[in-house]
file entry38.cif (mmCIF, C-alpha atoms)
data_protein
loop_
_atom_site.label_atom_id
_atom_site.label_comp_id
_atom_site.auth_asym_id
_atom_site.auth_seq_id
_atom_site.Cartn_x
_atom_site.Cartn_y
_atom_site.Cartn_z
CA MET A 1428 187.26 80.06 89.64
CA ARG A 1429 184.85 80.42 86.76
CA ALA A 1430 182.59 77.80 88.30
CA LEU A 1431 182.57 79.71 91.58
CA TYR A 1432 181.77 82.91 89.74
CA ASP A 1433 178.98 81.38 87.72
CA ARG A 1434 177.44 79.93 90.81
CA TYR A 1435 177.56 82.89 93.16
CA SER A 1436 177.73 85.99 90.98
CA PRO A 1437 173.93 86.56 90.75
CA ARG A 1438 173.58 86.85 94.51
CA VAL A 1439 176.70 88.94 94.86
CA TYR A 1440 175.62 91.19 92.02
CA ALA A 1441 172.11 91.55 93.42
CA VAL A 1442 173.17 92.81 96.84
CA VAL A 1443 175.91 95.03 95.47
CA ARG A 1444 173.58 96.50 92.88
CA ARG A 1445 170.90 97.26 95.44
CA ILE A 1446 173.41 98.93 97.72
CA ALA A 1447 174.99 100.86 94.87
CA GLY A 1448 171.65 101.77 93.32
CA ASP A 1449 173.22 101.88 89.87
CA ASP A 1450 174.24 99.28 87.29
CA ASP A 1451 177.56 100.80 86.26
CA LEU A 1452 178.68 101.28 89.82
CA ALA A 1453 177.38 97.85 90.70
CA GLU A 1454 179.55 96.19 88.10
CA ASP A 1455 182.66 97.91 89.45
CA TYR A 1456 181.74 97.19 93.04
CA ALA A 1457 180.93 93.57 92.30
CA GLN A 1458 184.28 93.07 90.60
CA GLU A 1459 186.04 94.71 93.52
CA ALA A 1460 184.16 92.38 95.85
CA TRP A 1461 185.24 89.34 93.86
CA ILE A 1462 188.85 90.45 93.81
CA ARG A 1463 188.75 90.92 97.58
CA ALA A 1464 187.13 87.56 98.07
CA ILE A 1465 189.64 85.77 95.88
CA ARG A 1466 192.50 87.46 97.69
CA ALA A 1467 190.97 86.38 100.97
CA LEU A 1468 190.21 82.81 99.88
CA PRO A 1469 193.20 81.36 101.75
CA SER A 1470 191.73 82.77 104.96
CA PHE A 1471 188.38 81.07 104.45
CA ARG A 1472 188.31 78.49 107.21
CA GLY A 1473 184.96 76.96 106.59
CA ASP A 1474 183.42 78.29 109.81
CA ALA A 1475 180.53 79.64 107.76
CA ARG A 1476 179.08 78.50 104.46
CA PHE A 1477 181.11 79.78 101.56
CA SER A 1478 178.11 81.69 100.21
CA THR A 1479 177.66 83.47 103.56
CA TRP A 1480 181.34 84.35 103.75
CA LEU A 1481 181.38 85.64 100.20
CA HIS A 1482 178.18 87.57 100.76
CA ARG A 1483 179.66 89.39 103.76
CA ILE A 1484 182.67 90.39 101.73
CA ALA A 1485 180.40 91.67 98.94
CA VAL A 1486 178.27 93.71 101.35
CA ASN A 1487 181.25 95.23 103.14
CA SER A 1488 183.00 95.96 99.88
CA ALA A 1489 179.93 97.67 98.42
CA LEU A 1490 179.29 99.69 101.57
CA GLN A 1491 182.88 100.87 101.58
CA ALA A 1492 182.74 101.75 97.90
CA VAL A 1493 179.53 103.71 98.35
CA ARG A 1494 181.05 105.60 101.24
CA LYS A 1495 184.00 106.51 99.06
CA ALA A 1496 181.96 107.49 96.05
CA LYS A 1497 179.52 109.65 97.98
CA THR A 1498 177.52 110.27 94.90
CA ARG A 1499 173.87 109.84 94.40
CA GLN A 1500 173.55 111.50 91.04
CA MET A 1501 173.39 108.35 89.02
CA ARG A 1502 170.57 106.95 91.10
CA GLU A 1503 168.34 109.70 89.81
CA SER A 1504 168.32 108.08 86.39
CA PRO A 1505 165.60 105.53 85.62
CA LEU A 1506 166.35 102.04 86.78
CA PRO A 1507 167.59 99.90 83.90
CA ASP A 1508 166.03 96.55 83.24
CA VAL A 1509 167.37 93.81 85.42
CA ILE A 1510 167.29 90.16 84.62
CA ALA A 1511 165.93 88.20 87.52
CA VAL A 1512 167.28 84.75 88.06
CA ALA A 1513 164.87 81.89 87.44
CA PRO A 1514 162.59 80.50 88.74
CA GLN A 1515 160.17 83.25 87.81
CA VAL A 1516 157.55 83.15 90.49
CA GLY A 1517 155.47 85.84 92.09
CA ASP A 1518 154.59 89.23 90.79
CA VAL A 1519 157.38 90.40 88.51
CA LEU A 1520 155.88 93.84 88.24
CA MET A 1521 155.77 94.10 92.00
CA GLU A 1522 159.43 93.12 92.14
CA ARG A 1523 160.22 95.87 89.69
CA LYS A 1524 158.26 98.39 91.72
CA LEU A 1525 160.07 97.30 94.84
CA GLU A 1526 163.43 97.75 93.13
CA GLU A 1527 162.42 101.18 91.90
CA ALA A 1528 161.20 102.23 95.32
CA LEU A 1529 164.41 100.93 96.90
CA GLY A 1530 166.37 103.08 94.49
CA GLN A 1531 164.45 106.16 95.55
CA LEU A 1532 165.12 105.81 99.26
CA PRO A 1533 167.73 108.02 100.88
CA GLU A 1534 171.04 106.22 101.04
CA GLY A 1535 171.11 105.52 104.77
CA MET A 1536 167.58 104.12 104.83
CA ARG A 1537 168.20 102.08 101.72
CA LYS A 1538 171.28 100.40 103.13
CA VAL A 1539 169.51 99.45 106.34
CA LEU A 1540 166.39 98.22 104.58
CA ILE A 1541 168.42 96.11 102.14
CA LEU A 1542 170.57 94.62 104.85
CA HIS A 1543 167.66 93.89 107.18
CA ASP A 1544 164.63 93.08 105.06
CA VAL A 1545 166.32 91.76 101.92
CA GLU A 1546 169.49 90.18 103.29
CA GLY A 1547 168.35 89.19 106.76
CA TYR A 1548 171.02 90.97 108.82
CA THR A 1549 170.31 91.69 112.48
CA HIS A 1550 170.42 95.26 113.77
CA GLU A 1551 173.63 94.45 115.61
CA GLU A 1552 175.23 93.19 112.39
CA ILE A 1553 174.00 96.26 110.52
CA GLY A 1554 175.40 98.46 113.26
CA THR A 1555 178.80 96.84 112.87
CA ALA A 1556 178.72 97.04 109.07
CA LEU A 1557 177.58 100.65 108.93
CA GLY A 1558 179.26 101.98 112.04
CA VAL A 1559 176.00 102.99 113.74
CA THR A 1560 174.19 101.85 116.85
CA SER A 1561 171.56 99.16 116.61
CA GLY A 1562 169.03 101.77 117.75
CA THR A 1563 169.88 103.93 114.74
CA SER A 1564 169.57 100.90 112.52
CA LYS A 1565 166.08 100.22 113.87
CA SER A 1566 165.00 103.81 113.50
CA GLN A 1567 166.25 103.94 109.90
CA LEU A 1568 164.53 100.66 109.13
CA PHE A 1569 161.14 101.82 110.35
CA LYS A 1570 161.46 105.08 108.44
CA ALA A 1571 162.49 103.20 105.32
CA ARG A 1572 159.58 100.78 105.57
CA ALA A 1573 157.16 103.65 106.03
CA LYS A 1574 158.60 105.51 103.05
CA MET A 1575 158.45 102.39 100.90
CA ARG A 1576 154.85 101.92 101.93
CA HIS A 1577 154.06 105.47 100.86
CA MET A 1578 155.68 104.88 97.48
CA LEU A 1579 154.00 101.54 96.85
CA ARG A 1580 150.59 102.36 98.22
CA GLY A 1581 149.03 103.39 94.93
CA TYR A 1582 150.46 100.45 93.09
CA GLU A 1583 148.73 97.64 94.94
CA ASN A 1584 145.24 98.91 94.08
CA ARG A 1585 146.01 99.60 90.43
CA PRO A 1586 144.47 97.19 87.91
CA LYS A 1587 147.22 94.91 86.64
CA GLU A 1588 146.10 95.28 83.01
CA VAL A 1589 146.78 99.00 83.14
CA GLU A 1590 150.17 98.36 84.67
CA ALA A 1591 151.01 95.83 82.01
CA TRP A 1592 150.33 98.36 79.24
CA SER A 1593 152.67 100.83 80.82
CA ILE A 1594 155.74 98.59 80.48
CA MET B 253 146.36 107.08 103.20
CA GLU B 254 144.71 110.10 104.68
CA HIS B 255 141.61 108.30 105.90
CA LEU B 256 143.60 106.12 108.30
CA ASN B 257 143.42 106.93 111.97
CA LEU B 258 147.11 107.36 112.62
CA GLU B 259 146.61 109.79 115.45
CA HIS B 260 147.95 107.37 118.01
CA LEU B 261 149.89 105.04 115.80
CA ASN B 262 151.85 106.43 112.90
CA LEU B 263 153.28 104.55 109.95
CA GLU B 264 156.75 104.25 111.46
CA GLN B 265 155.28 102.72 114.61
CA LEU B 266 153.36 100.29 112.46
CA ALA B 267 156.59 99.51 110.62
CA ARG B 268 158.12 98.50 113.95
CA LEU B 269 155.25 96.09 114.56
CA VAL B 270 156.21 94.15 111.44
CA ASP B 271 158.70 92.20 113.55
CA GLU B 272 158.07 93.32 117.12
CA PRO B 273 155.02 92.60 119.29
CA PRO B 274 152.71 95.54 120.04
CA THR B 275 152.49 97.04 123.50
CA PRO B 276 149.09 96.64 125.22
CA GLU B 277 148.24 100.21 124.24
CA GLU B 278 149.18 99.60 120.63
CA ARG B 279 147.23 96.34 120.67
CA ALA B 280 144.15 98.18 121.86
CA ILE B 281 144.47 100.75 119.08
CA LEU B 282 144.92 98.05 116.47
CA ASP B 283 141.94 96.11 117.80
CA SER B 284 139.76 99.14 117.43
CA ASP B 285 140.83 100.08 113.92
CA PRO B 286 140.55 97.60 111.00
CA ASP B 287 142.23 100.07 108.62
CA LEU B 288 145.32 100.14 110.79
CA ARG B 289 145.35 96.36 110.90
CA ARG B 290 145.17 96.26 107.10
CA GLU B 291 148.00 98.76 106.91
CA LEU B 292 150.12 96.62 109.20
CA GLU B 293 149.40 93.58 107.03
CA ALA B 294 150.46 95.56 103.98
CA LEU B 295 153.73 96.46 105.68
CA ARG B 296 154.30 92.82 106.54
CA ALA B 297 153.59 91.82 102.95
CA GLN B 298 156.03 94.45 101.78
CA ALA B 299 158.77 93.08 104.07
CA ALA B 300 158.05 89.55 102.85
CA ALA B 301 158.22 90.69 99.22
CA LEU B 302 161.58 92.34 99.87
CA LYS B 303 162.88 89.14 101.41
CA ASP B 304 161.86 87.26 98.27
CA LEU B 305 163.48 89.62 95.77
CA PRO B 306 165.39 87.48 93.29
CA ALA B 307 169.11 87.47 92.63
CA VAL B 308 170.18 89.46 89.59
CA LEU B 309 172.35 88.29 86.74
CA PRO B 310 175.46 90.39 86.29
CA PRO B 311 176.20 91.79 82.80
CA PRO B 312 177.02 89.05 80.28
CA ASP B 313 180.72 89.84 79.86
CA SER B 314 181.38 90.51 83.51
CA TRP B 315 183.43 87.35 83.99
CA HIS B 316 185.84 88.27 81.20
CA ASP B 317 186.38 91.74 82.67
CA LEU B 318 186.96 90.24 86.08
CA GLU B 319 189.23 87.57 84.66
CA ASP B 320 191.41 90.28 83.09
CA LYS B 321 191.67 92.09 86.41
CA LEU B 322 192.44 88.89 88.29
CA ARG B 323 195.13 88.03 85.78
CA SER B 324 196.62 91.53 86.05
CA ALA B 325 196.66 91.21 89.82
CA GLY B 326 198.35 87.82 89.57
CA LEU B 327 195.44 86.10 91.26
CA ILE B 328 194.96 83.64 88.42
CA ARG B 329 197.51 82.30 86.01
CA GLY B 330 197.54 80.77 82.57
CA GLU B 331 196.43 81.94 79.20
CA PRO B 332 192.83 82.99 78.67
CA PRO B 333 190.72 80.48 76.75
CA MET B 334 190.75 80.80 73.00
CA PRO B 335 187.35 81.87 71.71
CA GLY B 336 187.76 80.10 68.38
CA LEU B 337 188.31 76.71 69.94
CA TRP B 338 185.60 77.31 72.48
CA ARG B 339 183.21 78.15 69.69
CA LYS B 340 184.01 74.91 67.88
CA TRP B 341 183.16 72.96 70.99
CA MET B 342 179.93 74.84 71.45
CA GLN B 343 179.01 74.35 67.82
CA VAL B 344 179.28 70.63 68.26
CA ALA B 345 177.00 70.87 71.27
CA ALA B 346 174.67 73.22 69.45
CA ALA B 347 174.32 70.85 66.56
CA LEU B 348 173.35 68.08 68.94
CA VAL B 349 170.96 70.24 70.88
CA LEU B 350 169.32 72.03 68.00
CA PHE B 351 169.04 69.24 65.47
CA THR B 352 168.73 66.03 67.38
CA GLY B 353 166.80 67.42 70.32
CA GLY B 354 166.78 66.47 73.93
CA THR B 355 166.83 62.76 73.26
CA ALA B 356 170.45 63.13 72.22
CA PHE B 357 171.35 63.70 75.86
CA GLY B 358 170.00 60.37 76.89
CA TRP B 359 171.38 58.52 73.92
CA VAL B 360 174.87 59.83 74.50
CA ALA B 361 174.80 59.11 78.18
CA ALA B 362 173.25 55.71 77.70
CA THR B 363 175.85 54.64 75.16
CA ASP B 364 178.80 56.07 77.02
CA PRO B 365 180.48 53.33 79.04
CA GLU B 366 182.13 55.93 81.31
CA ALA B 367 178.89 57.55 82.31
CA GLN B 368 178.31 57.27 86.07
CA PRO B 369 174.74 56.71 87.22
CA LEU B 370 173.30 59.13 89.74
CA PRO B 371 172.20 57.79 93.10
CA GLY B 372 168.77 56.31 92.70
CA ARG B 373 169.16 55.99 88.96
CA GLU B 374 170.38 53.25 86.70
CA ALA B 375 173.27 53.65 84.30
CA GLY B 376 172.07 55.50 81.25
CA ASP B 377 169.18 56.94 83.15
CA VAL B 378 170.41 60.46 82.47
CA ALA B 379 167.98 60.07 79.60
CA GLY B 380 165.32 60.12 82.25
CA VAL B 381 165.78 63.79 83.00
CA ALA B 382 162.05 64.24 82.70
CA ARG B 383 161.41 61.35 85.04
CA PRO B 384 160.56 62.79 88.44
CA ALA B 385 162.55 61.45 91.34
CA SER B 386 160.99 60.54 94.64
CA PHE B 387 162.68 61.09 97.96
CA ALA B 388 161.98 59.57 101.33
CA ASN B 389 163.01 62.70 103.18
CA LEU B 390 164.67 66.09 102.84
CA ASP B 391 168.18 64.75 103.47
CA GLU B 392 167.78 62.25 100.67
CA ALA B 393 166.55 64.98 98.33
CA ARG B 394 169.49 67.21 99.20
CA GLY B 395 171.85 64.29 98.79
CA ALA B 396 170.48 63.54 95.34
CA VAL B 397 170.85 67.16 94.31
CA LEU B 398 174.43 67.31 95.53
CA ALA B 399 175.21 64.02 93.79
CA ALA B 400 173.76 65.39 90.57
CA GLU B 401 175.86 68.50 91.03
CA GLU B 402 178.95 66.34 91.45
CA GLU B 403 178.14 64.54 88.23
CA TRP B 404 177.70 67.82 86.43
CA LYS B 405 180.97 69.19 87.86
CA ARG B 406 182.73 66.00 86.81
CA THR B 407 181.58 66.32 83.23
CA TYR B 408 182.23 70.06 83.28
CA ASN B 409 185.79 69.52 84.48
CA GLU B 410 186.32 66.81 81.93
CA TYR B 411 185.04 69.16 79.31
CA ARG B 412 187.46 71.85 80.44
CA ARG B 413 190.35 69.41 80.59
CA LEU B 414 189.72 68.25 77.05
CA PHE B 415 189.25 71.80 75.92
CA ASP B 416 192.51 72.86 77.50
CA ALA B 417 194.28 70.01 75.79
CA GLN B 418 192.82 71.21 72.49
CA ASN B 419 191.79 67.68 71.84
CA LEU B 420 188.73 68.67 69.90
CA ARG B 421 188.11 65.78 67.58
CA GLN B 422 188.53 62.76 69.78
CA THR B 423 185.43 63.05 71.94
CA PRO B 424 182.80 65.02 70.08
CA THR B 425 180.06 63.81 72.38
CA ASN B 426 181.59 65.43 75.45
CA PRO B 427 179.65 68.71 75.31
CA ALA B 428 176.42 66.76 75.13
CA ARG B 429 177.42 64.67 78.14
CA ARG B 430 178.05 67.85 80.04
CA LEU B 431 174.66 69.18 79.04
CA ALA B 432 173.02 65.88 79.86
CA ALA B 433 174.47 66.04 83.34
CA LEU B 434 173.23 69.59 83.69
CA GLU B 435 169.75 68.54 82.58
CA ALA B 436 169.84 65.73 85.10
CA LEU B 437 170.85 68.19 87.81
CA VAL B 438 167.97 70.49 86.88
CA ALA B 439 165.48 67.62 86.85
CA THR B 440 166.68 66.26 90.19
CA THR B 441 166.54 69.70 91.76
CA GLN B 442 163.08 70.39 90.34
CA ALA B 443 161.82 67.10 91.69
CA SER B 444 163.34 67.90 95.07
CA VAL B 445 161.74 71.33 95.18
CA ALA B 446 158.40 69.85 94.18
CA GLU B 447 158.55 67.55 97.20
CA PHE B 448 160.07 70.08 99.60
CA PRO B 449 158.95 73.49 98.35
CA GLU B 450 159.80 75.25 101.61
CA ASP B 451 163.46 74.26 101.64
CA GLN B 452 165.64 77.32 101.01
CA PHE B 453 168.70 75.35 100.01
CA LEU B 454 166.85 73.43 97.31
CA ASN B 455 165.09 76.55 96.06
CA GLY B 456 168.33 78.47 95.87
CA PHE B 457 169.98 75.60 94.11
CA LEU B 458 167.16 75.41 91.59
CA GLY B 459 167.66 79.07 90.75
CA ILE B 460 171.35 78.50 90.17
CA THR B 461 170.89 75.42 88.02
CA MET B 462 168.17 77.04 85.92
CA MET B 463 170.43 80.00 85.38
CA GLU B 464 173.36 77.78 84.42
CA ARG B 465 171.20 75.90 81.94
CA GLN B 466 169.80 79.12 80.52
CA GLN B 467 173.27 80.59 80.10
CA THR B 468 174.69 77.43 78.57
CA LEU B 469 171.90 77.01 76.06
CA ARG B 470 171.95 80.71 75.23
CA GLN B 471 175.66 80.57 74.54
CA ILE B 472 175.28 77.44 72.44
CA GLY B 473 172.54 79.04 70.38
CA ARG B 474 174.49 82.26 69.97
CA ASP B 475 177.74 80.61 69.01
CA ASN B 476 176.01 78.35 66.53
CA TRP B 477 175.14 81.36 64.40
CA HIS B 478 178.58 83.01 64.51
#
call {"tool": "encode", "arguments": {"input": "entry38.cif", "output": "structure tokens"}}
result
Amino acid sequence: MRALYDRYSPRVYAVVRRIAGDDDLAEDYAQEAWIRAIRALPSFRGDARFSTWLHRIAVNSALQAVRKAKTRQMRESPLPDVIAVAPQVGDVLMERKLEEALGQLPEGMRKVLILHDVEGYTHEEIGTALGVTSGTSKSQLFKARAKMRHMLRGYENRPKEVEAWSI
Amino acid sequence: MEHLNLEHLNLEQLARLVDEPPTPEERAILDSDPDLRRELEALRAQAAALKDLPAVLPPPDSWHDLEDKLRSAGLIRGEPPMPGLWRKWMQVAAALVLFTGGTAFGWVAATDPEAQPLPGREAGDVAGVARPASFANLDEARGAVLAAEEEWKRTYNEYRRLFDAQNLRQTPTNPARRLAALEALVATTQASVAEFPEDQFLNGFLGITMMERQQTLRQIGRDNWH
């Protein structure tokens, strides 16, 4: 069990954390997801890859938990540091900005953007997971992308040295 | 971006064009406005960057919290591992890692008659963790990675079995064998990714193995000072 956890927990934690928008909630939601997955292990038939199966459980569990919590207060607080899993490639500062911008999106837009652009869900799958039509999913996605673009627009033209000093 | 001509194509419409083809009318607008085209490219880059966001490590003690809950729920059985004994094991490994360096991995593996060679490697070649592998095709690379993972799991399980039996003194080289197998897994995966950088499976696997190595070495270093 520990080996399974070590192997898959970063991906589970990442999606749950992005959906939750908060580290404390994410830890609770991730643990709930693992408990659900372990309970459901006997029903895993190998139709999908284990990682895909587990990932679906994590997403559904987090979405359900967020619906129950119905709180957005904690997301107002600054985003704590996150430890990205190696290999470290690409623009780390950009990743941080993306995470921050994700955290500032309204909940509905954030869920759709995470599921579609980060996790690769189709609009039909998002519709099923969120209980909305695929048209609503699309509409929320385009709004979310536009809002993200607004938030990130200034960043891309900023000199990186200045950004580095602001860490 | 006030200077953009979004009169006939707003940002949300551009966001749709990230993954849908433009209508002829939209195409005409885009063709006539380089700023809009740049904006669309920026939206595409944003979507690509989101897709590439890395996984995130959970808090360090998260497994222990989960383990307690799983035990309470009756989903796992048995006594939790004893930190004192675990620490002794890790101190042995730490001593090997910190004071004899990476060559200890190879020496231990090379002198261990039970060590199983990885596919494409000779017995004792775990020492060659820095030796890049070469693969004829993607399937072979994946196969080598999975074989290296099997080797690592075998040594890990052996490590756990010995730990559970509290048989600490009989095989002091076991932690190093486990680490050697992990190093071999990292090296094999790195070599595979170098040859097939576009392969998502290999890239994902590399992330996992690097994380495992990082966590293992961090724990060894930490426990060595406690």
call {"tool": "interface_residues", "arguments": {"input": "entry38.cif", "of": "chain B", "to": "chain A", "cutoff": "6 Å", "atoms": "all atoms listed in the file", "output": "list in words"}}
result
Leu263, Glu264, Ala267, Arg268, Ala299, Leu302, Lys303, Pro306, Ala307, Val308, Leu309, Pro310, Leu318 and Gly459 of chain B
call {"tool": "resolve_selection", "arguments": {"input": "entry38.cif", "expression": "the PyMOL selection byres ((chain B and resi 435-440) around 6)", "output": "mmCIF file with C-alpha atoms, in the coordinates of the input"}}
result
data_model
loop_
_atom_site.group_PDB
_atom_site.id
_atom_site.type_symbol
_atom_site.label_atom_id
_atom_site.label_comp_id
_atom_site.auth_asym_id
_atom_site.auth_seq_id
_atom_site.Cartn_x
_atom_site.Cartn_y
_atom_site.Cartn_z
ATOM 1 C CA VAL B 378 170.410 60.460 82.470
ATOM 2 C CA VAL B 381 165.780 63.790 83.000
ATOM 3 C CA VAL B 397 170.850 67.160 94.310
ATOM 4 C CA ALA B 400 173.760 65.390 90.570
ATOM 5 C CA GLU B 401 175.860 68.500 91.030
ATOM 6 C CA ALA B 432 173.020 65.880 79.860
ATOM 7 C CA ALA B 433 174.470 66.040 83.340
ATOM 8 C CA LEU B 434 173.230 69.590 83.690
ATOM 9 C CA THR B 441 166.540 69.700 91.760
ATOM 10 C CA GLN B 442 163.080 70.390 90.340
ATOM 11 C CA ALA B 443 161.820 67.100 91.690
ATOM 12 C CA THR B 461 170.890 75.420 88.020
#
call {"tool": "atom_distance", "arguments": {"input": "entry38.cif", "atom1": "CA of Arg290 (chain B)", "atom2": "CA of Glu272 (chain B)"}}
result
16.6 Å
call {"tool": "atom_distance", "arguments": {"input": "entry38.cif", "atom1": "CA of Glu1552 (chain A)", "atom2": "CA of Gly1535 (chain A)"}}
result
15.1 Å
call {"tool": "atom_distance", "arguments": {"input": "entry38.cif", "atom1": "CA of Pro274 (chain B)", "atom2": "CA of Asp304 (chain B)"}}
result
25.0 Å
